[in-house]
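For reference, structure04.pdb is printed below; it contains PDB, C-alpha atoms.
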```pdb
ATOM      1  CA  MET A 715      -3.544 -48.074  43.515
ATOM      2  CA  THR A 716      -1.576 -46.146  40.916
ATOM      3  CA  ASP A 717      -2.711 -42.584  40.371
ATOM      4  CA  ARG A 718      -3.322 -42.440  36.650
ATOM      5  CA  SER A 719      -2.567 -39.342  34.593
ATOM      6  CA  VAL A 720      -1.276 -38.355  31.160
ATOM      7  CA  THR A 721       0.684 -35.202  30.395
ATOM      8  CA  HIS A 722       0.923 -34.406  26.703
ATOM      9  CA  ALA A 723       3.800 -32.232  25.584
ATOM     10  CA  THR A 724       5.686 -31.294  22.443
ATOM     11  CA  PHE A 725       9.293 -30.118  22.342
ATOM     12  CA  VAL A 726      11.616 -29.282  19.473
ATOM     13  CA  ILE A 727      15.407 -29.490  19.451
ATOM     14  CA  GLU A 728      17.238 -27.726  16.650
ATOM     15  CA  ARG A 729      20.966 -28.231  16.083
ATOM     16  CA  VAL A 730      23.343 -27.427  13.234
ATOM     17  CA  TYR A 731      26.047 -29.989  12.411
ATOM     18  CA  ASP A 732      29.188 -29.402  10.334
ATOM     19  CA  ALA A 733      28.389 -32.377   8.108
ATOM     20  CA  SER A 734      26.235 -33.179   5.082
ATOM     21  CA  PRO A 735      22.733 -34.624   5.544
ATOM     22  CA  ALA A 736      24.095 -37.927   4.205
ATOM     23  CA  ARG A 737      26.750 -38.084   6.962
ATOM     24  CA  VAL A 738      24.259 -37.130   9.664
ATOM     25  CA  PHE A 739      21.787 -39.728   8.390
ATOM     26  CA  LYS A 740      24.531 -42.364   8.394
ATOM     27  CA  ALA A 741      25.194 -41.686  12.083
ATOM     28  CA  PHE A 742      21.598 -42.820  12.698
ATOM     29  CA  SER A 743      21.467 -45.731  10.273
ATOM     30  CA  ASP A 744      24.903 -47.301  10.576
ATOM     31  CA  PRO A 745      24.911 -49.680  13.571
ATOM     32  CA  ALA A 746      28.584 -49.005  14.477
ATOM     33  CA  ALA A 747      28.181 -45.203  14.402
ATOM     34  CA  ARG A 748      24.860 -45.337  16.217
ATOM     35  CA  ASN A 749      26.379 -47.514  18.884
ATOM     36  CA  ARG A 750      29.008 -44.880  19.660
ATOM     37  CA  TRP A 751      26.803 -41.825  20.098
ATOM     38  CA  PHE A 752      23.296 -43.122  20.806
ATOM     39  CA  VAL A 753      23.463 -46.550  22.407
ATOM     40  CA  LYS A 754      26.552 -46.003  24.547
ATOM     41  CA  ALA A 755      25.801 -42.305  25.272
ATOM     42  CA  ASP A 756      25.538 -42.660  29.046
ATOM     43  CA  ASN A 757      27.811 -45.689  29.324
ATOM     44  CA  TRP A 758      25.067 -47.633  31.049
ATOM     45  CA  PRO A 759      25.501 -51.415  30.952
ATOM     46  CA  ILE A 760      23.337 -52.856  28.197
ATOM     47  CA  ALA A 761      21.453 -56.056  28.973
ATOM     48  CA  GLU A 762      19.827 -56.397  25.545
ATOM     49  CA  TYR A 763      19.907 -54.527  22.248
ATOM     50  CA  THR A 764      18.369 -55.123  18.806
ATOM     51  CA  PHE A 765      18.367 -52.821  15.755
ATOM     52  CA  ASP A 766      16.398 -53.264  12.543
ATOM     53  CA  PHE A 767      16.517 -49.948  10.674
ATOM     54  CA  ARG A 768      13.710 -50.077   8.087
ATOM     55  CA  VAL A 769      10.071 -49.017   7.839
ATOM     56  CA  GLY A 770       8.233 -51.366  10.177
ATOM     57  CA  GLY A 771      11.499 -52.397  11.846
ATOM     58  CA  ARG A 772      12.263 -51.894  15.529
ATOM     59  CA  GLU A 773      15.051 -50.946  17.875
ATOM     60  CA  THR A 774      14.879 -52.331  21.403
ATOM     61  CA  GLY A 775      17.208 -51.746  24.315
ATOM     62  CA  ARG A 776      17.252 -52.897  27.915
ATOM     63  CA  PHE A 777      19.772 -51.194  30.151
ATOM     64  CA  SER A 778      20.428 -50.431  33.769
ATOM     65  CA  PRO A 779      21.915 -47.126  34.951
ATOM     66  CA  ASP A 780      22.576 -48.384  38.493
ATOM     67  CA  GLY A 781      22.474 -52.183  38.366
ATOM     68  CA  THR A 782      18.990 -52.425  39.892
ATOM     69  CA  MET A 783      16.629 -50.201  37.891
ATOM     70  CA  MET A 784      15.953 -51.710  34.442
ATOM     71  CA  VAL A 785      15.072 -49.267  31.662
ATOM     72  CA  TYR A 786      13.451 -50.600  28.482
ATOM     73  CA  ASN A 787      13.176 -48.614  25.277
ATOM     74  CA  GLU A 788      11.251 -49.790  22.222
ATOM     75  CA  THR A 789      11.259 -47.850  18.941
ATOM     76  CA  ILE A 790       9.148 -48.585  15.849
ATOM     77  CA  TYR A 791      10.244 -46.976  12.568
ATOM     78  CA  GLN A 792       7.258 -45.603  10.652
ATOM     79  CA  ASP A 793       8.890 -43.614   7.860
ATOM     80  CA  ILE A 794      12.469 -43.336   6.619
ATOM     81  CA  VAL A 795      13.553 -41.062   3.754
ATOM     82  CA  PRO A 796      17.330 -41.513   3.370
ATOM     83  CA  ASP A 797      19.348 -38.356   4.103
ATOM     84  CA  ASN A 798      16.115 -36.492   4.786
ATOM     85  CA  ARG A 799      13.979 -37.764   7.678
ATOM     86  CA  MET A 800      13.023 -40.483  10.133
ATOM     87  CA  ILE A 801       9.676 -40.839  11.872
ATOM     88  CA  PHE A 802       9.346 -43.252  14.746
ATOM     89  CA  ALA A 803       7.188 -44.046  17.738
ATOM     90  CA  TYR A 804       8.963 -45.024  20.922
ATOM     91  CA  SER A 805       7.994 -46.049  24.411
ATOM     92  CA  MET A 806       9.950 -46.354  27.645
ATOM     93  CA  MET A 807       9.478 -48.492  30.724
ATOM     94  CA  ILE A 808      11.205 -48.579  34.073
ATOM     95  CA  GLY A 809      10.795 -52.028  35.542
ATOM     96  CA  ASP A 810       7.231 -53.048  34.764
ATOM     97  CA  LYS A 811       5.880 -49.487  34.610
ATOM     98  CA  ARG A 812       5.444 -47.677  31.312
ATOM     99  CA  ILE A 813       6.635 -44.103  31.772
ATOM    100  CA  SER A 814       5.993 -42.611  28.315
ATOM    101  CA  SER A 815       5.046 -43.145  24.691
ATOM    102  CA  SER A 816       6.022 -40.655  22.005
ATOM    103  CA  LEU A 817       5.939 -39.828  18.325
ATOM    104  CA  ALA A 818       9.321 -38.480  17.209
ATOM    105  CA  THR A 819      10.495 -36.983  13.926
ATOM    106  CA  VAL A 820      14.031 -36.150  12.809
ATOM    107  CA  GLU A 821      14.295 -33.808   9.818
ATOM    108  CA  LEU A 822      17.612 -33.046   8.105
ATOM    109  CA  LYS A 823      17.879 -29.840   6.085
ATOM    110  CA  ALA A 824      20.969 -28.944   4.109
ATOM    111  CA  GLU A 825      22.458 -25.504   4.806
ATOM    112  CA  GLY A 826      25.462 -25.038   2.545
ATOM    113  CA  THR A 827      27.903 -27.742   3.628
ATOM    114  CA  LYS A 828      26.147 -28.151   6.978
ATOM    115  CA  THR A 829      22.928 -29.783   8.182
ATOM    116  CA  ARG A 830      20.241 -28.296  10.384
ATOM    117  CA  LEU A 831      18.568 -31.090  12.336
ATOM    118  CA  PHE A 832      15.081 -30.697  13.810
ATOM    119  CA  TYR A 833      14.035 -33.255  16.418
ATOM    120  CA  THR A 834      10.359 -32.964  17.365
ATOM    121  CA  GLU A 835       8.923 -35.141  20.098
ATOM    122  CA  GLN A 836       5.194 -35.295  20.785
ATOM    123  CA  GLY A 837       4.890 -37.341  23.928
ATOM    124  CA  ALA A 838       2.413 -38.797  26.390
ATOM    125  CA  PHE A 839       4.089 -38.819  29.803
ATOM    126  CA  LEU A 840       2.372 -41.326  32.036
ATOM    127  CA  ASP A 841       1.405 -41.338  35.682
ATOM    128  CA  GLY A 842       3.923 -38.699  36.700
ATOM    129  CA  LEU A 843       6.789 -41.174  36.185
ATOM    130  CA  ASP A 844       8.955 -38.850  34.106
ATOM    131  CA  LYS A 845       9.168 -35.086  33.740
ATOM    132  CA  VAL A 846       8.954 -33.495  30.308
ATOM    133  CA  ALA A 847      11.862 -31.155  31.155
ATOM    134  CA  ASP A 848      14.059 -34.143  32.050
ATOM    135  CA  ARG A 849      13.173 -35.917  28.805
ATOM    136  CA  GLU A 850      13.905 -32.821  26.770
ATOM    137  CA  LYS A 851      17.270 -32.392  28.516
ATOM    138  CA  GLY A 852      18.094 -36.055  27.893
ATOM    139  CA  CYS A 853      17.349 -35.635  24.185
ATOM    140  CA  ARG A 854      19.335 -32.432  23.985
ATOM    141  CA  ASP A 855      22.324 -34.222  25.557
ATOM    142  CA  LEU A 856      22.004 -36.985  22.940
ATOM    143  CA  TYR A 857      22.181 -34.481  20.097
ATOM    144  CA  GLU A 858      25.362 -33.083  21.639
ATOM    145  CA  GLN A 859      26.751 -36.638  21.605
ATOM    146  CA  LEU A 860      25.890 -36.763  17.890
ATOM    147  CA  ALA A 861      27.957 -33.590  17.330
ATOM    148  CA  LEU A 862      30.961 -35.258  18.998
ATOM    149  CA  GLU A 863      30.517 -38.394  16.892
ATOM    150  CA  LEU A 864      30.398 -36.380  13.653
ATOM    151  CA  GLU A 865      33.523 -34.416  14.660
ATOM    152  CA  ARG A 866      35.344 -37.650  15.573
ATOM    153  CA  SER A 867      34.443 -39.426  12.336
ATOM    154  CA  ALA A 868      35.365 -36.358  10.235
ATOM    155  CA  ALA A 869      38.804 -36.328  11.907
ATOM    156  CA  ILE A 870      39.364 -40.005  11.097
ATOM    157  CA  ALA A 871      38.152 -39.758   7.488
TER     158      ALA A 871
ATOM    159  CA  MET B1266      10.886 -35.182  -6.710
ATOM    160  CA  THR B1267       8.579 -35.119  -3.693
ATOM    161  CA  GLU B1268       8.628 -31.886  -1.750
ATOM    162  CA  ARG B1269       9.233 -33.092   1.808
ATOM    163  CA  SER B1270       7.559 -31.423   4.786
ATOM    164  CA  ILE B1271       6.203 -32.321   8.213
ATOM    165  CA  HIS B1272       3.467 -30.343   9.928
ATOM    166  CA  HIS B1273       3.153 -31.231  13.626
ATOM    167  CA  SER B1274      -0.224 -30.722  15.224
ATOM    168  CA  THR B1275      -2.044 -31.867  18.377
ATOM    169  CA  ILE B1276      -5.812 -32.310  18.372
ATOM    170  CA  VAL B1277      -7.740 -32.735  21.622
ATOM    171  CA  ILE B1278     -11.395 -33.688  21.400
ATOM    172  CA  GLU B1279     -13.762 -34.814  24.132
ATOM    173  CA  ARG B1280     -17.272 -36.078  24.702
ATOM    174  CA  THR B1281     -19.236 -37.141  27.737
ATOM    175  CA  TYR B1282     -21.313 -40.290  27.293
ATOM    176  CA  ASP B1283     -24.187 -41.712  29.276
ATOM    177  CA  ALA B1284     -22.316 -44.999  29.733
ATOM    178  CA  SER B1285     -19.742 -46.305  32.193
ATOM    179  CA  PRO B1286     -16.022 -46.009  31.403
ATOM    180  CA  SER B1287     -16.065 -49.798  31.130
ATOM    181  CA  ARG B1288     -18.665 -49.744  28.331
ATOM    182  CA  VAL B1289     -16.917 -46.963  26.447
ATOM    183  CA  PHE B1290     -13.591 -48.790  26.788
ATOM    184  CA  ALA B1291     -15.254 -51.969  25.472
ATOM    185  CA  ALA B1292     -16.395 -50.071  22.365
ATOM    186  CA  TRP B1293     -12.740 -49.085  21.759
ATOM    187  CA  SER B1294     -11.392 -52.602  22.222
ATOM    188  CA  THR B1295     -13.676 -54.890  20.236
ATOM    189  CA  ARG B1296     -13.545 -55.276  16.479
ATOM    190  CA  GLU B1297     -17.340 -55.542  15.993
ATOM    191  CA  ALA B1298     -17.953 -52.264  17.821
ATOM    192  CA  LEU B1299     -15.100 -50.450  16.063
ATOM    193  CA  LEU B1300     -16.466 -51.512  12.671
ATOM    194  CA  ARG B1301     -19.680 -49.712  13.571
ATOM    195  CA  TRP B1302     -18.280 -46.442  14.952
ATOM    196  CA  GLY B1303     -14.567 -46.266  14.066
ATOM    197  CA  ASN B1304     -15.035 -45.004  10.515
ATOM    198  CA  PRO B1305     -14.065 -41.323  10.096
ATOM    199  CA  GLY B1306     -16.256 -40.664   7.082
ATOM    200  CA  ASP B1307     -20.017 -40.654   6.702
ATOM    201  CA  GLY B1308     -20.879 -43.753   4.704
ATOM    202  CA  TRP B1309     -17.240 -44.752   4.172
ATOM    203  CA  ASP B1310     -16.131 -48.375   4.062
ATOM    204  CA  LEU B1311     -13.987 -49.783   6.882
ATOM    205  CA  ALA B1312     -12.403 -53.227   7.224
ATOM    206  CA  TYR B1313      -9.822 -54.756   9.553
ATOM    207  CA  ASP B1314      -7.099 -56.919   8.030
ATOM    208  CA  HIS B1315      -5.662 -57.660  11.454
ATOM    209  CA  PHE B1316      -6.972 -57.087  14.984
ATOM    210  CA  ASP B1317      -5.031 -57.825  18.155
ATOM    211  CA  PHE B1318      -5.969 -55.555  21.051
ATOM    212  CA  ARG B1319      -3.224 -56.013  23.633
ATOM    213  CA  VAL B1320      -0.025 -54.258  24.678
ATOM    214  CA  GLY B1321       2.486 -55.018  21.938
ATOM    215  CA  GLY B1322      -0.283 -56.080  19.574
ATOM    216  CA  GLY B1323      -1.904 -53.915  16.967
ATOM    217  CA  ASP B1324      -4.324 -53.624  14.125
ATOM    218  CA  ILE B1325      -4.345 -52.893  10.426
ATOM    219  CA  ASN B1326      -7.392 -51.357   8.823
ATOM    220  CA  ARG B1327      -8.426 -49.893   5.497
ATOM    221  CA  PHE B1328     -11.053 -47.235   5.035
ATOM    222  CA  GLY B1329     -12.251 -44.676   2.568
ATOM    223  CA  PRO B1330     -15.165 -43.376   0.549
ATOM    224  CA  ARG B1331     -16.691 -45.851  -1.878
ATOM    225  CA  GLY B1332     -15.083 -45.296  -5.279
ATOM    226  CA  GLY B1333     -12.522 -42.976  -3.709
ATOM    227  CA  PRO B1334      -8.980 -43.281  -2.347
ATOM    228  CA  THR B1335      -8.196 -46.019   0.185
ATOM    229  CA  PHE B1336      -6.403 -45.187   3.425
ATOM    230  CA  ARG B1337      -4.471 -47.842   5.316
ATOM    231  CA  ASN B1338      -3.784 -47.428   9.008
ATOM    232  CA  GLU B1339      -1.336 -49.539  10.983
ATOM    233  CA  THR B1340      -1.619 -49.226  14.770
ATOM    234  CA  THR B1341       0.573 -50.570  17.581
ATOM    235  CA  TYR B1342      -0.761 -50.582  21.150
ATOM    236  CA  PHE B1343       1.783 -49.257  23.626
ATOM    237  CA  ASP B1344      -0.281 -48.932  26.783
ATOM    238  CA  ILE B1345      -3.652 -50.353  27.804
ATOM    239  CA  VAL B1346      -5.084 -49.767  31.272
ATOM    240  CA  PRO B1347      -8.539 -51.423  31.187
ATOM    241  CA  ASP B1348     -11.389 -48.929  31.547
ATOM    242  CA  VAL B1349      -8.844 -46.106  32.042
ATOM    243  CA  ARG B1350      -6.680 -45.442  28.978
ATOM    244  CA  ILE B1351      -5.283 -46.594  25.661
ATOM    245  CA  VAL B1352      -2.076 -45.220  24.114
ATOM    246  CA  SER B1353      -1.235 -46.268  20.566
ATOM    247  CA  ALA B1354       0.962 -45.232  17.645
ATOM    248  CA  SER B1355      -0.478 -45.172  14.137
ATOM    249  CA  SER B1356       0.976 -44.825  10.675
ATOM    250  CA  MET B1357      -1.269 -43.970   7.754
ATOM    251  CA  THR B1358      -0.591 -44.540   4.058
ATOM    252  CA  SER B1359      -2.607 -43.859   0.942
ATOM    253  CA  GLU B1360      -1.767 -45.002  -2.589
ATOM    254  CA  GLY B1361       1.572 -46.286  -1.239
ATOM    255  CA  LYS B1362       2.599 -42.941   0.315
ATOM    256  CA  HIS B1363       3.054 -42.245   4.007
ATOM    257  CA  ILE B1364       0.684 -39.381   4.714
ATOM    258  CA  PHE B1365       0.382 -39.229   8.514
ATOM    259  CA  ALA B1366       1.867 -40.587  11.740
ATOM    260  CA  SER B1367       0.482 -40.138  15.221
ATOM    261  CA  LEU B1368       0.387 -41.011  18.876
ATOM    262  CA  ILE B1369      -3.214 -41.356  20.073
ATOM    263  CA  THR B1370      -4.277 -41.305  23.717
ATOM    264  CA  ALA B1371      -7.824 -42.165  24.777
ATOM    265  CA  GLU B1372      -8.672 -41.466  28.412
ATOM    266  CA  PHE B1373     -11.854 -42.839  29.989
ATOM    267  CA  ILE B1374     -12.788 -40.787  33.030
ATOM    268  CA  LEU B1375     -15.636 -41.500  35.427
ATOM    269  CA  ALA B1376     -18.101 -38.561  35.317
ATOM    270  CA  GLY B1377     -21.025 -39.178  37.664
ATOM    271  CA  LYS B1378     -22.677 -42.297  36.213
ATOM    272  CA  GLY B1379     -21.203 -41.598  32.798
ATOM    273  CA  CYS B1380     -17.838 -41.369  31.113
ATOM    274  CA  ARG B1381     -15.840 -38.393  29.927
ATOM    275  CA  LEU B1382     -13.740 -39.466  26.962
ATOM    276  CA  ILE B1383     -10.700 -37.369  26.055
ATOM    277  CA  VAL B1384      -8.936 -38.193  22.792
ATOM    278  CA  THR B1385      -5.542 -36.598  22.142
ATOM    279  CA  GLU B1386      -4.056 -37.098  18.682
ATOM    280  CA  GLN B1387      -0.454 -35.896  18.472
ATOM    281  CA  GLY B1388       0.204 -36.002  14.763
ATOM    282  CA  ALA B1389       2.698 -35.418  12.008
ATOM    283  CA  PHE B1390       1.158 -34.516   8.639
ATOM    284  CA  LEU B1391       3.532 -35.528   5.843
ATOM    285  CA  ASP B1392       4.345 -33.824   2.580
ATOM    286  CA  GLY B1393       1.090 -31.898   2.363
ATOM    287  CA  HIS B1394      -1.032 -35.001   1.691
ATOM    288  CA  ASP B1395      -3.345 -34.598   4.678
ATOM    289  CA  LYS B1396      -4.372 -31.840   7.054
ATOM    290  CA  ARG B1397      -5.573 -31.146  10.575
ATOM    291  CA  ALA B1398      -9.067 -30.078   9.493
ATOM    292  CA  ASN B1399      -9.670 -33.531   7.982
ATOM    293  CA  HIS B1400      -8.767 -35.197  11.266
ATOM    294  CA  GLU B1401     -10.841 -32.847  13.389
ATOM    295  CA  ALA B1402     -13.831 -33.660  11.168
ATOM    296  CA  GLY B1403     -13.009 -37.370  11.228
ATOM    297  CA  TRP B1404     -12.792 -37.590  15.022
ATOM    298  CA  SER B1405     -15.974 -35.576  15.414
ATOM    299  CA  GLU B1406     -17.769 -37.991  13.087
ATOM    300  CA  MET B1407     -16.421 -41.047  14.940
ATOM    301  CA  LEU B1408     -17.219 -39.760  18.431
ATOM    302  CA  ASP B1409     -20.775 -38.900  17.309
ATOM    303  CA  LYS B1410     -21.142 -42.448  15.958
ATOM    304  CA  LEU B1411     -19.781 -43.785  19.250
ATOM    305  CA  ARG B1412     -22.688 -42.135  21.044
ATOM    306  CA  ILE B1413     -25.118 -44.009  18.799
ATOM    307  CA  GLU B1414     -23.161 -47.234  19.351
ATOM    308  CA  LEU B1415     -23.391 -46.856  23.126
ATOM    309  CA  LEU B1416     -27.141 -46.202  22.976
ATOM    310  CA  ARG B1417     -27.624 -49.233  20.721
ATOM    311  CA  THR B1418     -25.741 -51.573  23.046
ATOM    312  CA  GLN B1419     -27.215 -50.189  26.264
ATOM    313  CA  VAL B1420     -28.440 -52.938  28.542
ATOM    314  CA  ALA B1421     -31.859 -52.165  29.999
ATOM    315  CA  ALA B1422     -31.474 -51.502  33.738
TER     316      ALA B1422
END
```
Just dump the structure as structure tokens.
Amino acid sequence: MTDRSVTHATFVIERVYDASPARVFKAFSDPAARNRWFVKADNWPIAEYTFDFRVGGRETGRFSPDGTMMVYNETIYQDIVPDNRMIFAYSMMIGDKRISSSLATVELKAEGTKTRLFYTEQGAFLDGLDKVADREKGCRDLYEQLALELERSAAIA
Amino acid sequence: MTERSIHHSTIVIERTYDASPSRVFAAWSTREALLRWGNPGDGWDLAYDHFDFRVGGGDINRFGPRGGPTFRNETTYFDIVPDVRIVSASSMTSEGKHIFASLITAEFILAGKGCRLIVTEQGAFLDGHDKRANHEAGWSEMLDKLRIELLRTQVAA
């Protein structure tokens, strides 16, 4: 029988990007940009992906890091203020086991020509199936990928 | 222009009830019971526009003081382990504005012949429309009403 437990944790990632809030927001909302830094971040083969970026819309992704373990991510958008913030709830499963559910907020604050991004995740980590520190590191890595995407797209522009 | 802000806050509240985890869980998962205890205000109105208690399902309810503002809550159920836990995401609006988003965990823990209920609300209070103190009072009111509900529905041994 599964040993049931819930660990609640909050972590905050703060990162400054050399781009306007509008450009940072676009990296989240534009499917092509998002695909480069968020969806393809780890280069894991993607079995399924849907993206409906609006309040009440969802993003779903099914992908496999190693060909056998199937990871499923479902995101529900609760609030979107263009160029300012996104609030979403997301949940992850590995195989048929749910490993976490979280509330996440992304806030974009203009600082001169740059943007300070605050990512706050308030999560319920289930049954010892994921470690908070690993999740935080994974998110931090994603926000580094976003920096690379913004640099790349500035160079092309 | 709306002044945008997010205040993140986690509330943990617990009660021990003289009822099995199964009975307490049942009070959380049936519409008729929730209508009796799930109302955060003394004497407030509460109605469900939609009720679908299952993983991937959700509910929509409206509540508020008679003659006062109406609050609308949209909930999605992420995780349901019968008689053990419920994890859901909720988004609250009032007068067309998003005022609050949260991840709510309810844990039902066997305590002797009774049940220890732990509710964790990981919330984001938006744009100064709502505050933690309101939610602490609201949960306290609901969990007190739940005690009455459980006494009312107690089956004679």
* To do: Would you mind telling me which residue in A:Asp810, A:Glu825, A:Asp717, A:Asp844 lies nearest to Asp732 (chain A) when using all atoms listed in the file?
  =>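 Using all atoms listed in the file, the shortest distance to Asp732 (chain A) belongs to A:Glu825.
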* Can you work out the spacing between CA of Asp1317 (chain B) and CA of Ala1371 (chain B) in Å, to one decimal? =>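 Here the two named atoms are 17.2 Å from each other.
With distances restricted to only C-alpha atoms, A:Val795 is the closest residue to chain B from A:Ala747, A:Val753, A:Met783, A:Val795.
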* Could you tell me which of B:His1272, B:Ile1325, B:Leu1408, B:Ile1278 comes closest to Thr819 (chain A) if we count only C-alpha atoms? =>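 Of the candidates, the smallest distance to Thr819 (chain A) is held by B:His1272.
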Could you list, with a cut-off of 12 Å and counting all atoms listed in the file, the residues of chain B near chain A, each shown with its nearest atom pair and the distance in Å rounded to one decimal, rows sorted by chain and ascending number, as a tab-separated table?
```
residue	atom	partner	partner_atom	distance
B:Thr1267	CA	A:Val795	CA	10.7
B:Glu1268	CA	A:Asn798	CA	11.0
B:Arg1269	CA	A:Asn798	CA	8.2
B:Ser1270	CA	A:Glu821	CA	8.7
B:Ile1271	CA	A:Glu821	CA	8.4
B:His1272	CA	A:Thr819	CA	10.5
B:His1273	CA	A:Thr834	CA	8.3
B:Ser1274	CA	A:Gln836	CA	9.0
B:Thr1275	CA	A:Gln836	CA	8.4
B:Ile1276	CA	A:His722	CA	10.9
B:Val1277	CA	A:His722	CA	10.2
B:Val1320	CA	A:Arg812	CA	10.8
B:Gly1321	CA	A:Glu788	CA	10.2
B:Asn1338	CA	A:Gln792	CA	11.3
B:Glu1339	CA	A:Gln792	CA	9.5
B:Thr1340	CA	A:Gln792	CA	10.4
B:Thr1341	CA	A:Ile790	CA	9.0
B:Tyr1342	CA	A:Ser815	CA	10.1
B:Phe1343	CA	A:Ser815	CA	7.0
B:Asp1344	CA	A:Arg812	CA	7.4
B:Ile1345	CA	A:Arg812	CA	10.1
B:Val1346	CA	A:Arg718	CA	9.3
B:Pro1347	CA	A:Arg718	CA	11.7
B:Asp1348	CA	A:Arg718	CA	11.5
B:Val1349	CA	A:Arg718	CA	8.1
B:Arg1350	CA	A:Arg718	CA	8.9
B:Ile1351	CA	A:Val720	CA	10.7
B:Val1352	CA	A:Ser815	CA	7.4
B:Ser1353	CA	A:Ser815	CA	8.1
B:Ala1354	CA	A:Ala803	CA	6.3
B:Ser1355	CA	A:Gln792	CA	8.5
B:Ser1356	CA	A:Gln792	CA	6.3
B:Met1357	CA	A:Gln792	CA	9.2
B:Thr1358	CA	A:Asp793	CA	10.3
B:Gly1361	CA	A:Asp793	CA	12.0
B:Lys1362	CA	A:Asp793	CA	9.8
B:His1363	CA	A:Asp793	CA	7.1
B:Ile1364	CA	A:Asp793	CA	9.8
B:Phe1365	CA	A:Asp793	CA	9.6
B:Ala1366	CA	A:Gln792	CA	7.4
B:Ser1367	CA	A:Leu817	CA	6.3
B:Leu1368	CA	A:Leu817	CA	5.7
B:Ile1369	CA	A:Ala838	CA	8.8
B:Thr1370	CA	A:Ala838	CA	7.6
B:Ala1371	CA	A:Val720	CA	9.9
B:Glu1372	CA	A:Val720	CA	8.5
B:Phe1373	CA	A:Arg718	CA	10.8
B:Ile1374	CA	A:Arg718	CA	10.3
B:Ile1383	CA	A:Val720	CA	10.8
B:Val1384	CA	A:His722	CA	11.3
B:Thr1385	CA	A:His722	CA	8.2
B:Glu1386	CA	A:Gln836	CA	9.7
B:Gln1387	CA	A:Gln836	CA	6.1
B:Gly1388	CA	A:Leu817	CA	7.8
B:Ala1389	CA	A:Thr819	CA	8.2
B:Phe1390	CA	A:Thr819	CA	11.0
B:Leu1391	CA	A:Asp793	CA	9.9
B:Asp1392	CA	A:Arg799	CA	11.6
```
Answer key for the PyMOL selection byres ((chain A and resi 728) around 10), residues as a short mmCIF file (atom, residue, chain, number, x, y, z; two decimals) with C-alpha atoms, in the frame of the given file:
```
data_model
loop_
_atom_site.label_atom_id
_atom_site.label_comp_id
_atom_site.auth_asym_id
_atom_site.auth_seq_id
_atom_site.Cartn_x
_atom_site.Cartn_y
_atom_site.Cartn_z
CA VAL A 726 11.62 -29.28 19.47
CA ILE A 727 15.41 -29.49 19.45
CA ARG A 729 20.97 -28.23 16.08
CA VAL A 730 23.34 -27.43 13.23
CA VAL A 820 14.03 -36.15 12.81
CA GLU A 821 14.30 -33.81 9.82
CA ARG A 830 20.24 -28.30 10.38
CA LEU A 831 18.57 -31.09 12.34
CA PHE A 832 15.08 -30.70 13.81
CA TYR A 833 14.04 -33.26 16.42
CA THR A 834 10.36 -32.96 17.36
CA ARG A 854 19.34 -32.43 23.98
CA TYR A 857 22.18 -34.48 20.10
#
```
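You will find CA of Gln859 (chain A) at 20.1 Å from CA of Thr827 (chain A).
Near Ala761 (chain A), within 12 Å and counting all atoms listed in the file, sit A:Val753, A:Trp758, A:Pro759, A:Tyr763, A:Thr764, A:Thr774, A:Gly775, A:Arg776, A:Phe777, A:Ser778, A:Pro779, A:Gly781, A:Thr782, A:Met783, A:Met784, A:Val785, A:Tyr786, A:Asn787, not including residues fewer than 2 positions from it in the same chain.
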* To do: Please measure the separation of CA of Ala733 (chain A) and CA of Lys828 (chain A), giving the value in Å to one decimal.
  => 4.9 Å
* Care to translate the PyMOL selection byres ((chain B and resi 1308) around 9) into actual residues of this file, as a PyMOL selection string? -> chain B and resi 1304+1306-1307+1309-1310+1329-1331
* Got a sec: who's within 6 Å of Thr829 (chain A), counting all atoms listed in the file, leaving out chain neighbours fewer than 6 positions off, as number ranges by chain? -> A: 730-731, 734-735, 823
Just the selected residues (C-alpha atoms), exported as a PDB file, keeping the file's coordinate frame, please.
```pdb
ATOM      1  CA  VAL A 730      23.343 -27.427  13.234  1.00  0.00           C
ATOM      2  CA  TYR A 731      26.047 -29.989  12.411  1.00  0.00           C
ATOM      3  CA  SER A 734      26.235 -33.179   5.082  1.00  0.00           C
ATOM      4  CA  PRO A 735      22.733 -34.624   5.544  1.00  0.00           C
ATOM      5  CA  LYS A 823      17.879 -29.840   6.085  1.00  0.00           C
TER       6      LYS A 823
END
```
With 3 Å on each side, where is the centre of the axis-aligned box around all listed atoms of region 1404-1415 of chain B, and how long are its edges in Å to one decimal, as lines of an AutoDock Vina configuration file?
```
center_x = -19.0
center_y = -41.4
center_z = 18.1
size_x = 18.3
size_y = 17.7
size_z = 16.0
```
* Apply the PyMOL selection byres ((chain A and resi 750) around 12) to the structure shown and report the selected residues as number ranges by chain. => A: 741-742, 744-749, 751-757, 856, 859-864, 866-867
* **Best match for closeness to Glu850 (chain A) among A:Ile870, A:Phe725, A:Thr716, A:Ala736, counting only C-alpha atoms** =>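 Once distances to Glu850 (chain A) are computed over only C-alpha atoms, the minimum belongs to A:Phe725.
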* To do: Check the smallest atom-to-atom distance from each of B:Asp1314, B:Glu1401, B:Asp1395, B:Glu1414 to Trp1293 (chain B) using all atoms listed in the file, then report the winner.
  => B:Glu1414
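For Arg1417 (chain B), the non-local neighbours within 12 Å, defined as residues at least 6 positions apart in the same chain or in other chains and counting only C-alpha atoms, are Asp1283, Ala1284, Arg1288, Ala1292, Ala1298, Arg1301, Trp1302, Lys1410 and Leu1411 of chain B.
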Now that the selection is made, can you save its residues with C-alpha atoms as a short mmCIF file (atom, residue, chain, number, x, y, z; two decimals), in the coordinates of the input?
```cif
data_model
loop_
_atom_site.label_atom_id
_atom_site.label_comp_id
_atom_site.auth_asym_id
_atom_site.auth_seq_id
_atom_site.Cartn_x
_atom_site.Cartn_y
_atom_site.Cartn_z
CA ASP B 1283 -24.19 -41.71 29.28
CA ALA B 1284 -22.32 -45.00 29.73
CA ARG B 1288 -18.66 -49.74 28.33
CA ALA B 1292 -16.40 -50.07 22.36
CA ALA B 1298 -17.95 -52.26 17.82
CA ARG B 1301 -19.68 -49.71 13.57
CA TRP B 1302 -18.28 -46.44 14.95
CA LYS B 1410 -21.14 -42.45 15.96
CA LEU B 1411 -19.78 -43.78 19.25
#
```
